[in-house]
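Colleague: Just passing along the structure, written as structure tokens.
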Amino acid sequence: MLSASEVEAFITRLEGRVAAVEKTVREAWWRLATTGTEEAQADLVAAGKEYNRLFAAKDEYAKVRGYYEERESLENGLLRRQVEVVYRIFASRHGDRETLDLIEELEARANAIYGNYRGVVAGKEVGENEIREILRFSDDESLRREAWEASKTVGRAVEDTVRELARLRNQLAREAGYPDHFHLALDLQEIDAGELDGIMAELESATEAPFTEFKERLYEKLKVRFGVETVMPWHLSDPFFQSCKHDPIPLPRQASRGSEGGAFGTGNGGLMSDAERDALLASVVDVDRFFQDKNLEELTRKTYDNLGLEVRDVLARSDLYERDGKNQHGFCLSVGREYPYDVRVLVNVRPDSYWMDTMLHEFGHAVYDKHINPKLPYFLRTVAHTCTTEAMALMMGSLTDDPAWLSAVVGVPEAEFDEVRESLLWSERADKLVFIRWALVMFNFEREFYANPERVDLNSVWWGLVERLQLVNRPPGRDEPDWAAKIHVAVAPVYYHNYVLGQLIAAQLRHQLEERVTGGESFFMSEVAGRYLQEALFGPGARNRWEDTVLGATGERLNPGYFVKSLRQSGSSQ
């Protein structure tokens with residue numbers, strides 16, 4: 001039987017060694033993301049190597065593994081959970097030192113490439129914001145195609161680095177007894193690969209028919225808009241077709257299928273004529289106009305103020321606006337685990353719906369991070385799981401399309417919703433469909449990628465999945481590493497399923513908030529909902545496995561039915 005005092009003493013000593021180095025790594029990551037300099041890249045590599053060395057001793061790893069294998073004999077549940085978390089930290093950094101150090105170097109190199117890379121359109125270097133605007137608003141097909149292709153050229157610059165990272169990750173995984181990094185990553189994330197396969201297969205099946213119908217109607221409109229017979233990727237508003245919020249959103253051919261509607265039905269039992277449908281949703285839902293003269297920082301503050309969740313301190317530490325050398329994406333970072341927590345957000349804000357969504361999303365991560373109970377043991381002062389923090393972030397980001405939020409928080413007059421209210425609801429549901437199909441591409445591709453990163457036909461594997469799951473036509477003769485243009489494949493591997501699980505949990509969590517906590521009031525207008533989130537979701541940190549955290553926060557285990565239902569429902573409540 002394990003000695004609880006021995007385990008406690010070991011974890012206390014480990015915390016003393018880890019805390020300062022872990023904070024240094026996070027600071028170095030922030031400097032690289034905000035500057036993109038070679039010096040910052042070198043600092044991150046050095047800090048990462050130092051952190052890995054903390055877990056290098058084979059005898060310590062053997063001891064921790066022994067604790068883990070005998071953890072059920074520990075009566076103290078909090079100590080048992082610490083053992084589980086510490087074991088996974090050791091296991092994720094176990095292996096050949098030279099290999100681990102090389103991975104640090106390659107990941108930092110990849111981060112720098114993605115951060116500094118600019119495509120060329122019309123003879124000028126452009127960032128992701130410029131490319132996104134061309135694909136949203138331009139009717140010039142040649143310019144759109146050039147912009148879309150420019151969005152992919154970073155793949156060529158980083159392909160060799162990404163393949164080498166996969167080889168090295170696989171090498172460590174196989175030494176640890178796994179078939180590849182994909183399976184190791186899922187295990188260390190406390191996710192059962194078989195159960196996840198089942199969830200993803202169920203979602204693929206459930207979304208296939210409504211997505212196919214949606215795409216047919218969407219393509220009809222795009223053909224008319226661009227005067228083409230075949231719709232190509234550059235006719236869509238998002239480079240990866242992971243969102244459709246700036247595409248013309250069509251209603252389905254049959255607006256109702258029985259009392260529930262279809263997965264994409266109205267659920268009101270009524271039918272709508274083709275003329276009525278086309279009149280209602282003949283063009284893009286222009287949500288951007290609601291934000292063009294707004295201060296997105298102020299709207300973010302106001303949203304979280306309504307929940308009783310303070311974000312001014314996070315805003316003050318954050319980096320919100322674009323500039324050369326800065327990471328072009330968005331993320332939230334918690335630097336260290338000392339209270340009060342140092343939580344920061346990096347975004348590249350412009351006054352549009354995309355960045356409003358991103359601000360609400362990233363500050364959803366931030367309020368989770370800053371409200372974790374500081375009395376928890378050091379290694380449990382973090383989120384329960386990536387999928388639970390993604391659930392909070394996704395629930396908040398989705399407010400950008402919520403008529404009730406637009407009215408109450410943004411101050412959009414009710415009269416302006418007369419023509420777009422239903423369009424917004426359809427747009428939100430269509431966007432969920434589109435995102436799930438895109439996430440299925442990422443999930444299936446990474447599984448194939450790590451099964452054999454050496455294969456020469458990866459470009460075709462990628463496009464085969466895009467064509468099958470997203471129904472997007474591959475440009476004739478295209479043979480480019482477009483898969484490597486997605487930053488997650490390089491520096492956030494085997495991650496995308498957490499967005500999917502996050503969507504499922506977000507729908508379930510919002511139902512809990514609005515049906516059982518606020519008494520039907522929109523959760524984003526309720527300090528009661530904010531307090532509930534602090535107590536039921538944020539506060540417990542990582543003291544429980546993610547499945548138990550979902551149970552505690554929603555009253556039941558993960559139930560994909562709430563997400564499927566959210567594709568049918570009208571109104572702001574999910």
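Ordering of the structure tokens sets the chain letters (A, B, ...); residue numbers start at 1 within each chain; ligands are numbered from 1 in the order shown.
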Sorted by chain and rising residue number, list the residues of range 81-125 of chain A at most 10 Å from range 172-180 of chain A (counting only C-alpha atoms), each with its closest atom pair and distance in Å to one decimal, as JSON lines.
Modeller:
```
{"residue": "A:Ala91", "atom": "CA", "partner": "A:Ala176", "partner_atom": "CA", "distance": 8.4}
{"residue": "A:Ser92", "atom": "CA", "partner": "A:Ala173", "partner_atom": "CA", "distance": 9.0}
{"residue": "A:Arg93", "atom": "CA", "partner": "A:Leu172", "partner_atom": "CA", "distance": 8.9}
{"residue": "A:His94", "atom": "CA", "partner": "A:Leu172", "partner_atom": "CA", "distance": 7.7}
{"residue": "A:Gly95", "atom": "CA", "partner": "A:Leu172", "partner_atom": "CA", "distance": 5.9}
{"residue": "A:Asp96", "atom": "CA", "partner": "A:Leu172", "partner_atom": "CA", "distance": 7.5}
{"residue": "A:Thr99", "atom": "CA", "partner": "A:Leu172", "partner_atom": "CA", "distance": 7.9}
{"residue": "A:Leu100", "atom": "CA", "partner": "A:Leu172", "partner_atom": "CA", "distance": 8.4}
```
Colleague: List as a list in words the protein and nucleic acid residues near range 370-385 of chain A, meaning an atom at most 6 Å away when only C-alpha atoms are counted, but skip any in the same chain fewer than 4 places from it.
Modeller: Tyr341, Phe538, Gly539, Gly541, Ala542, Arg543 and Trp546 of chain A
Colleague: Can you list, as a CSV table (one decimal) with N, CA and C atoms, in the first residue's frame, every protein, DNA or RNA residue that comes within 10 Å of range 286-289 of chain A when you count only C-alpha atoms, leaving out same-chain residues fewer than 2 positions away?
Modeller:
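Written file, selection.csv:
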```csv
chain,number,residue,atom,x,y,z
A,245,LYS,N,-20.1,32.0,-41.9
A,245,LYS,CA,-20.9,33.2,-41.4
A,245,LYS,C,-20.9,34.3,-42.4
A,246,HIS,N,-20.0,34.3,-43.4
A,246,HIS,CA,-20.0,35.4,-44.4
A,246,HIS,C,-20.3,34.8,-45.8
A,247,ASP,N,-20.9,33.6,-45.8
A,247,ASP,CA,-21.5,33.1,-47.0
A,247,ASP,C,-23.0,33.3,-47.1
A,248,PRO,N,-23.6,33.3,-48.2
A,248,PRO,CA,-25.0,33.5,-48.3
A,248,PRO,C,-25.7,32.2,-47.7
A,283,SER,N,-29.1,36.7,-49.3
A,283,SER,CA,-27.8,37.1,-49.3
A,283,SER,C,-27.1,36.9,-48.0
A,284,VAL,N,-25.9,37.3,-47.9
A,284,VAL,CA,-25.1,37.2,-46.6
A,284,VAL,C,-25.7,37.9,-45.5
A,291,PHE,N,-20.8,46.0,-35.6
A,291,PHE,CA,-19.6,46.2,-34.8
A,291,PHE,C,-18.7,47.2,-35.4
A,292,GLN,N,-19.0,47.8,-36.6
A,292,GLN,CA,-18.1,48.7,-37.3
A,292,GLN,C,-17.8,49.9,-36.5
A,293,ASP,N,-18.7,50.4,-35.7
A,293,ASP,CA,-18.5,51.6,-35.0
A,293,ASP,C,-18.4,51.4,-33.4
A,294,LYS,N,-18.2,50.1,-33.1
A,294,LYS,CA,-18.2,49.7,-31.7
A,294,LYS,C,-16.7,49.4,-31.2
A,351,PRO,N,-12.8,45.8,-36.0
A,351,PRO,CA,-14.2,45.9,-35.7
A,351,PRO,C,-15.2,45.1,-36.6
A,352,ASP,N,-15.2,43.8,-36.4
A,352,ASP,CA,-16.1,42.9,-37.2
A,352,ASP,C,-16.5,41.8,-36.3
A,353,SER,N,-17.4,41.0,-36.9
A,353,SER,CA,-18.0,39.9,-36.1
A,353,SER,C,-17.0,38.8,-35.8
A,354,TYR,N,-16.0,38.5,-36.7
A,354,TYR,CA,-15.0,37.5,-36.5
A,354,TYR,C,-14.2,37.8,-35.2
A,355,TRP,N,-13.8,39.0,-35.1
A,355,TRP,CA,-12.9,39.3,-33.9
A,355,TRP,C,-13.8,39.5,-32.7
A,356,MET,N,-15.1,39.9,-32.8
A,356,MET,CA,-15.9,40.0,-31.7
A,356,MET,C,-16.1,38.5,-31.1
A,400,THR,N,-22.1,36.2,-30.5
A,400,THR,CA,-22.0,37.2,-31.6
A,400,THR,C,-23.2,37.1,-32.6
A,401,ASP,N,-23.8,35.9,-32.7
A,401,ASP,CA,-25.0,35.7,-33.6
A,401,ASP,C,-26.3,35.6,-32.8
A,406,LEU,N,-27.2,40.7,-29.0
A,406,LEU,CA,-27.0,41.9,-29.9
A,406,LEU,C,-27.8,43.0,-29.5
A,420,VAL,N,-33.4,40.3,-40.3
A,420,VAL,CA,-32.3,39.3,-40.1
A,420,VAL,C,-32.4,38.4,-38.9
A,423,SER,N,-32.6,34.9,-40.0
A,423,SER,CA,-31.3,34.7,-40.8
A,423,SER,C,-30.2,34.4,-39.8
A,424,LEU,N,-30.1,35.1,-38.7
A,424,LEU,CA,-29.1,34.9,-37.7
A,424,LEU,C,-29.2,33.5,-37.1
```
Colleague: Hey, which of A:Pro476, A:Gly397, A:Gly336, A:Gly530 ends up closest to Tyr304 in chain A? Count only C-alpha atoms.
Modeller: A:Gly530
Colleague: Report, in Å to a single decimal, how far apart CA of Leu186 in chain A and CA of Glu72 in chain A are.
Modeller: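 Separation of CA of Glu72 in chain A and CA of Leu186 in chain A: 22.0 Å.
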Colleague: Let's see if you can do this: from backbone DSSP, list all helix (DSSP H, G or I) residues in range 259-485 of chain A, as an mmCIF file with C-alpha atoms, in the first residue's frame.
Modeller:
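What ended up in part-v3.cif:
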```cif
data_model
loop_
_atom_site.group_PDB
_atom_site.id
_atom_site.type_symbol
_atom_site.label_atom_id
_atom_site.label_comp_id
_atom_site.auth_asym_id
_atom_site.auth_seq_id
_atom_site.Cartn_x
_atom_site.Cartn_y
_atom_site.Cartn_z
ATOM 1 C CA ASP A 274 -39.206 28.628 -52.182
ATOM 2 C CA ALA A 275 -40.050 32.270 -52.819
ATOM 3 C CA GLU A 276 -40.415 32.977 -49.104
ATOM 4 C CA ARG A 277 -37.153 31.204 -48.307
ATOM 5 C CA ASP A 278 -35.202 33.040 -50.985
ATOM 6 C CA ALA A 279 -36.705 36.369 -49.978
ATOM 7 C CA LEU A 280 -35.774 35.741 -46.360
ATOM 8 C CA ASP A 288 -20.251 42.976 -39.279
ATOM 9 C CA ARG A 289 -22.232 46.189 -39.543
ATOM 10 C CA PHE A 290 -23.272 45.845 -35.907
ATOM 11 C CA LEU A 296 -14.874 45.502 -28.963
ATOM 12 C CA GLU A 297 -12.977 45.835 -25.696
ATOM 13 C CA GLU A 298 -15.934 47.653 -24.153
ATOM 14 C CA LEU A 299 -18.428 45.077 -25.454
ATOM 15 C CA THR A 300 -16.275 42.318 -23.969
ATOM 16 C CA ARG A 301 -16.150 44.086 -20.600
ATOM 17 C CA LYS A 302 -19.891 44.677 -20.656
ATOM 18 C CA THR A 303 -20.671 41.047 -21.494
ATOM 19 C CA TYR A 304 -18.623 39.684 -18.641
ATOM 20 C CA ASP A 305 -19.765 42.444 -16.260
ATOM 21 C CA ASN A 306 -23.324 41.217 -16.811
ATOM 22 C CA ARG A 312 -10.455 44.487 -16.814
ATOM 23 C CA ASP A 313 -7.300 43.085 -15.258
ATOM 24 C CA VAL A 314 -6.938 40.586 -18.099
ATOM 25 C CA LEU A 315 -7.532 43.287 -20.713
ATOM 26 C CA ALA A 316 -4.787 45.400 -19.152
ATOM 27 C CA ARG A 317 -2.246 42.582 -19.527
ATOM 28 C CA SER A 353 -17.989 39.868 -36.101
ATOM 29 C CA TYR A 354 -15.022 37.502 -36.510
ATOM 30 C CA TRP A 355 -12.935 39.323 -33.916
ATOM 31 C CA MET A 356 -15.945 39.954 -31.671
ATOM 32 C CA ASP A 357 -16.474 36.186 -31.602
ATOM 33 C CA THR A 358 -12.762 35.699 -30.927
ATOM 34 C CA MET A 359 -12.698 38.249 -28.098
ATOM 35 C CA LEU A 360 -15.665 36.659 -26.349
ATOM 36 C CA HIS A 361 -14.143 33.211 -26.954
ATOM 37 C CA GLU A 362 -10.674 33.958 -25.599
ATOM 38 C CA PHE A 363 -12.016 35.830 -22.589
ATOM 39 C CA GLY A 364 -14.192 32.795 -21.932
ATOM 40 C CA HIS A 365 -10.934 30.911 -21.454
ATOM 41 C CA ALA A 366 -9.632 33.797 -19.359
ATOM 42 C CA VAL A 367 -12.464 33.915 -16.817
ATOM 43 C CA TYR A 368 -12.148 30.153 -16.392
ATOM 44 C CA ASP A 369 -8.413 30.436 -15.733
ATOM 45 C CA LYS A 370 -8.662 33.341 -13.296
ATOM 46 C CA TYR A 378 -0.444 23.405 -7.251
ATOM 47 C CA PHE A 379 -0.840 20.750 -9.947
ATOM 48 C CA LEU A 380 -4.650 20.959 -9.797
ATOM 49 C CA THR A 386 -9.059 21.314 -22.688
ATOM 50 C CA CYS A 387 -12.592 20.389 -23.759
ATOM 51 C CA THR A 388 -14.164 22.022 -20.685
ATOM 52 C CA THR A 389 -12.420 25.348 -21.202
ATOM 53 C CA GLU A 390 -13.270 25.157 -24.913
ATOM 54 C CA ALA A 391 -16.909 24.658 -23.925
ATOM 55 C CA MET A 392 -16.921 27.925 -21.986
ATOM 56 C CA ALA A 393 -15.114 29.751 -24.794
ATOM 57 C CA LEU A 394 -17.385 28.401 -27.523
ATOM 58 C CA MET A 395 -20.529 29.199 -25.553
ATOM 59 C CA MET A 396 -19.382 32.795 -25.161
ATOM 60 C CA GLY A 397 -18.162 33.242 -28.745
ATOM 61 C CA SER A 398 -21.489 32.050 -30.128
ATOM 62 C CA LEU A 399 -23.187 35.108 -28.621
ATOM 63 C CA THR A 400 -22.028 37.151 -31.602
ATOM 64 C CA ASP A 401 -24.952 35.676 -33.576
ATOM 65 C CA PRO A 403 -30.227 38.346 -31.329
ATOM 66 C CA ALA A 404 -30.854 38.715 -27.594
ATOM 67 C CA TRP A 405 -27.172 39.502 -26.921
ATOM 68 C CA LEU A 406 -26.959 41.857 -29.903
ATOM 69 C CA SER A 407 -29.941 43.757 -28.571
ATOM 70 C CA ALA A 408 -29.115 43.791 -24.858
ATOM 71 C CA VAL A 409 -25.337 44.222 -24.967
ATOM 72 C CA VAL A 410 -24.435 45.704 -28.360
ATOM 73 C CA GLU A 414 -35.068 45.807 -32.370
ATOM 74 C CA ALA A 415 -36.237 47.273 -35.702
ATOM 75 C CA GLU A 416 -32.945 46.247 -37.309
ATOM 76 C CA PHE A 417 -33.689 42.606 -36.523
ATOM 77 C CA ARG A 421 -33.518 37.704 -36.913
ATOM 78 C CA GLU A 422 -34.357 34.360 -38.532
ATOM 79 C CA SER A 423 -31.312 34.676 -40.762
ATOM 80 C CA LEU A 424 -29.070 34.922 -37.711
ATOM 81 C CA LEU A 425 -30.590 31.788 -36.239
ATOM 82 C CA TRP A 426 -30.154 29.844 -39.465
ATOM 83 C CA SER A 427 -26.631 31.215 -39.822
ATOM 84 C CA GLU A 428 -25.680 30.009 -36.340
ATOM 85 C CA ARG A 429 -27.026 26.515 -37.000
ATOM 86 C CA ALA A 430 -25.390 26.333 -40.427
ATOM 87 C CA ASP A 431 -22.094 27.441 -38.925
ATOM 88 C CA LYS A 432 -22.229 24.632 -36.382
ATOM 89 C CA LEU A 433 -22.771 22.131 -39.191
ATOM 90 C CA VAL A 434 -19.891 23.559 -41.180
ATOM 91 C CA PHE A 435 -17.559 23.543 -38.197
ATOM 92 C CA ILE A 436 -18.314 19.935 -37.267
ATOM 93 C CA ARG A 437 -17.607 18.768 -40.809
ATOM 94 C CA TRP A 438 -14.333 20.713 -40.794
ATOM 95 C CA ALA A 439 -13.349 19.290 -37.409
ATOM 96 C CA LEU A 440 -13.968 15.799 -38.781
ATOM 97 C CA VAL A 441 -11.410 16.550 -41.496
ATOM 98 C CA MET A 442 -8.812 17.534 -38.915
ATOM 99 C CA PHE A 443 -9.554 14.545 -36.674
ATOM 100 C CA ASN A 444 -9.360 11.999 -39.472
ATOM 101 C CA PHE A 445 -6.351 13.601 -41.109
ATOM 102 C CA GLU A 446 -4.244 13.624 -37.952
ATOM 103 C CA ARG A 447 -5.092 9.983 -37.335
ATOM 104 C CA GLU A 448 -3.808 9.164 -40.849
ATOM 105 C CA PHE A 449 -0.869 11.542 -40.521
ATOM 106 C CA TYR A 450 0.510 9.979 -37.361
ATOM 107 C CA ALA A 451 -0.117 6.477 -38.662
ATOM 108 C CA LEU A 458 -0.487 13.308 -47.712
ATOM 109 C CA ASN A 459 -1.674 16.126 -49.966
ATOM 110 C CA SER A 460 -4.128 13.715 -51.578
ATOM 111 C CA VAL A 461 -5.146 12.274 -48.211
ATOM 112 C CA TRP A 462 -6.005 15.794 -47.067
ATOM 113 C CA TRP A 463 -8.007 16.666 -50.151
ATOM 114 C CA GLY A 464 -9.759 13.313 -50.115
ATOM 115 C CA LEU A 465 -11.103 14.110 -46.650
ATOM 116 C CA VAL A 466 -11.988 17.686 -47.627
ATOM 117 C CA GLU A 467 -13.948 16.443 -50.637
ATOM 118 C CA ARG A 468 -15.707 13.656 -48.729
ATOM 119 C CA LEU A 469 -16.518 15.469 -45.494
ATOM 120 C CA GLN A 470 -16.771 19.124 -46.546
ATOM 121 C CA ASP A 482 -2.364 22.556 -47.695
ATOM 122 C CA TRP A 483 -2.713 20.477 -44.524
ATOM 123 C CA ALA A 484 0.472 22.065 -43.163
ATOM 124 C CA ALA A 485 -1.030 25.556 -43.525
#
```
Colleague: Taking 4 positions as the minimum chain separation for residues in the same chain, which residues sit within 10 Å of Asp140 in chain A when counting only C-alpha atoms? Answer as number ranges by chain.
Modeller: A: 134-135, 144-145, 226, 235
Colleague: Taking only C-alpha atoms into account, name the residue in A:Glu322, A:Pro210, A:Ser5, A:Asn473 that is nearest to Leu567 in chain A.
Modeller: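 Under the stated criterion, the closest residue is A:Pro210.
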Colleague: Please, which residues of range 313-501 of chain A, numbered as in this document, come out strand (DSSP E) from DSSP, as a PyMOL selection string?
Modeller: chain A and resi 331-335+342-346
Colleague: List the neighbours of Glu556 in chain A out to 12 Å using only C-alpha atoms; skip same-chain residues closer than 5 positions along the sequence, and give me the result as a list in words.
Modeller: Ile505, Gln508, Leu509, His511, Gln512, Glu547, Asp548, Thr549, Val550, Leu551, Gly561 and Tyr562 of chain A
Colleague: Could you tell me which of A:Pro560, A:Gly552, A:Gly411, A:Gly48 comes closest to Gln503 in chain A if we count only C-alpha atoms?
Modeller: A:Pro560
Colleague: Calculated over only C-alpha atoms, which of the candidates A:Val412, A:Ala490, A:Val345, A:Ala62 has the smallest distance to Val154 in chain A?
Modeller: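 Result for the nearest residue to Val154 in chain A: A:Ala490.
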